[in-house]
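Report on one structure; see the data block that follows.
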Amino acid sequence: MGALPRHIGISMDGNGRWAKLRNKKRSYGHKAGSENVQKIAEHAFSRGVEIVTLYAFSSENWARPKEEVEELMHLLGDYLKKLAAKAVKNGIKINVLGNKARLSAKLNKIIAEQTAKTSGGTRVLNILIDYGGRGEIVRALNALKESGEAVTEESIRQNLYTAGMPDPDLIIRTGGEIRLSNFLLYQAAYAELYFTDVLWPDFDEAEFDKALENYASRERRYGKIEC
Ligand code: FPP
């Protein structure tokens, strides 16, 4: 295999449609989607990827029906516990990134306890909850304004949720839409983008490997020309 991405971002889209195709409620799709998280994260790490960043709940997702938001919040807490138990064994550090102030005290407690357990891990699983790329940039700029530090590309980078991590090399979006939808806007400047029609609950190891193969065939020039 050719070049391997160090950091992969995944926008896990298509849970609702996956459920609808089975005449089930959207929550059934979110549950199936949650079950897929561990499988794909572990597979990515087994392939040598160092960081996986998952878009689990966007700042815009609060506008969904209250029942769906509540179900998603419940699932996030539930699956975080399951993920953390395995992560400790497998040397994976879990970070939950986003505007956690809007989450319930109960979910924040679960997040704090479960992520703390995994702090010794060497591979990194970032889970973005109540996250939006524009909001993240505004937050970084406000932090710089507060500290009086000069605004530079590097100082902004150091104030993003992903401070200290390399930018994503590859961004995958499942579910057929061809857009970023506010995912890692600053960090994605030179990411390779991979879109697939496969719905997230169906995105299995073989589909993940297809994305890796596709990435390996890309020529990354970062604005330069080939010499
Ligand atoms: C998009 O599908 C998916 C979401 C808004 C939720 C994604 C969250 C999970 C898979 C749970 C992750 C759990 C952990 C622990 C990280 P959609 O509902 O927009 O699907 P549609 O486009 O088919 O309607």
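By order of appearance in the structure tokens: chains A, B, ..., then residues from 1 within every chain, and ligands from 1 in the order shown.
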Practice prompt. Could I get the residue neighbourhood of ligand 1 at 8 Å, counting only C-alpha atoms and all ligand atoms, as a PyMOL selection string?
Written response: chain A and resi 11-19+26+29-37+54-58+61+72+75-80+83+127-128+175+199-201
Print the selection's residues with C-alpha atoms to a file, as a short mmCIF file (atom, residue, chain, number, x, y, z; two decimals), in the first residue's frame.
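And here is the file that came out, again07.cif:
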```
data_model
loop_
_atom_site.label_atom_id
_atom_site.label_comp_id
_atom_site.auth_asym_id
_atom_site.auth_seq_id
_atom_site.Cartn_x
_atom_site.Cartn_y
_atom_site.Cartn_z
CA SER A 11 -18.36 12.58 8.82
CA MET A 12 -20.68 9.69 9.68
CA ASP A 13 -23.72 10.51 7.57
CA GLY A 14 -26.67 8.38 6.52
CA ASN A 15 -27.99 6.81 9.73
CA GLY A 16 -31.51 8.17 9.21
CA ARG A 17 -31.76 6.92 5.63
CA TRP A 18 -30.33 3.54 6.62
CA ALA A 19 -33.15 3.18 9.17
CA ARG A 26 -34.19 7.19 12.81
CA GLY A 29 -30.07 4.04 12.45
CA HIS A 30 -28.20 6.07 15.04
CA LYS A 31 -27.84 2.96 17.18
CA ALA A 32 -26.46 1.00 14.23
CA GLY A 33 -24.19 3.95 13.46
CA SER A 34 -22.90 4.02 17.03
CA GLU A 35 -22.12 0.31 16.85
CA ASN A 36 -20.05 0.94 13.75
CA VAL A 37 -17.81 3.47 15.48
CA LEU A 54 -15.39 11.58 14.21
CA TYR A 55 -18.13 14.15 13.63
CA ALA A 56 -20.76 12.83 16.03
CA PHE A 57 -22.99 15.83 16.76
CA SER A 58 -22.72 19.24 15.10
CA ASN A 61 -27.82 19.21 15.07
CA LEU A 72 -28.47 10.93 20.29
CA LEU A 75 -26.46 7.02 22.72
CA LEU A 76 -23.33 9.16 22.96
CA GLY A 77 -23.10 8.60 26.70
CA ASP A 78 -23.86 4.92 26.41
CA TYR A 79 -21.41 4.18 23.60
CA LEU A 80 -18.73 6.35 25.10
CA LEU A 83 -15.71 2.63 23.66
CA ILE A 127 -15.21 12.56 19.07
CA LEU A 128 -16.69 15.92 18.10
CA GLY A 175 -24.01 9.01 2.95
CA LEU A 199 -24.50 4.94 4.47
CA TRP A 200 -22.54 5.08 7.73
CA PRO A 201 -23.95 1.90 9.31
#
```
Worksheet item: Which polymer residues have any atom within 12 Å of an atom of region 89-93 of chain A, counting only C-alpha atoms, with same-chain residues fewer than 6 positions away left out, as a PyMOL selection string?
Response: chain A and resi 38+41-46+49-53+80+82-83+114-127
Discussion item. Measuring between only C-alpha atoms, which one of A:Glu177, A:Ala140, A:Asp202, A:Pro166 shows the shortest distance to Tyr190 (chain A)?
Written reply: A:Pro166
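Take CA of Pro168 (chain A) and CA of Gly9 (chain A): the distance between them is 6.2 Å.
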Fill in: Proximity to Ala85 (chain A) - best of A:Asp197, A:Asn159, A:Leu170, A:Glu113, only C-alpha atoms
A:Glu113
Item to complete: Using DSSP on the backbone coordinates, identify all residues within region 20-205 of chain A classified as strand (DSSP E); present the result as an NGL selection string.
Response: :A and (51-58 or 92-97 or 123-131 or 170-173 or 192-195)
Worksheet, complete the sentence: Pairwise distance, CA of Ile178 (chain A) with CA of Thr196 (chain A), equals 8.6 Å
Item to complete: Please report, as number ranges by chain, each residue of region 6-134 of chain A to which DSSP assigns alpha helix (DSSP H) when run on this structure's backbone.
Response: A: 15-21, 26-46, 66-90, 105-117, 133-134
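Note that CA of Ile8 (chain A) and CA of Glu70 (chain A) are 27.8 Å apart.
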Worksheet, complete the sentence: Counting only C-alpha atoms, closest pick from A:Arg139, A:Arg134, A:His7, A:Lys224 relative to Arg47 (chain A) is A:His7
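Between Ser104 (chain A) and the candidates A:Val198, A:Lys86, A:Leu21, A:Asp130, the tightest atom-to-atom separation, counting only C-alpha atoms, involves A:Asp130.
Among the candidate residues A:Lys39, A:Arg6, A:Lys20, A:Arg221, the one lying nearest to Asp204 (chain A) is A:Lys39, with distances computed using only C-alpha atoms.
Shortest separation to Phe203 (chain A) among A:Ile172, A:Ala188, A:Ala63, A:Ala87 occurs at residue A:Ile172, atoms counted being only C-alpha atoms.
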Fill in: Polymer residues at most 12 Å from Glu219 (chain A), only C-alpha atoms, same-chain spacing of 5 or more positions, as a VMD selection string
chain A and resid 2 to 3 169 190 to 192 214 224 to 226
Item to complete: Quick one: everything within 12 Å of Leu103 (chain A), counting only C-alpha atoms, minus sequence neighbours fewer than 2 positions away in the same chain. Send it as a ChimeraX atom specification.
Response: /A:57,59,62,69-70,72-74,76-77,96-101,105-111,129-131
Practice prompt. Do a neighbour search on Ala150 (chain A) at 10 Å with only C-alpha atoms, toss out local chain neighbours closer than 6 positions, and write the hits as a ChimeraX atom specification.
Written response: /A:141,144,156
Written selection (C-alpha atoms) as a CSV table (one decimal), in the first residue's frame:
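In the end it all went to again36.csv:
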```
chain,number,residue,atom,x,y,z
A,141,LEU,CA,-9.7,34.1,17.7
A,144,LEU,CA,-6.1,35.2,21.0
A,156,ILE,CA,-5.0,30.1,15.5
```
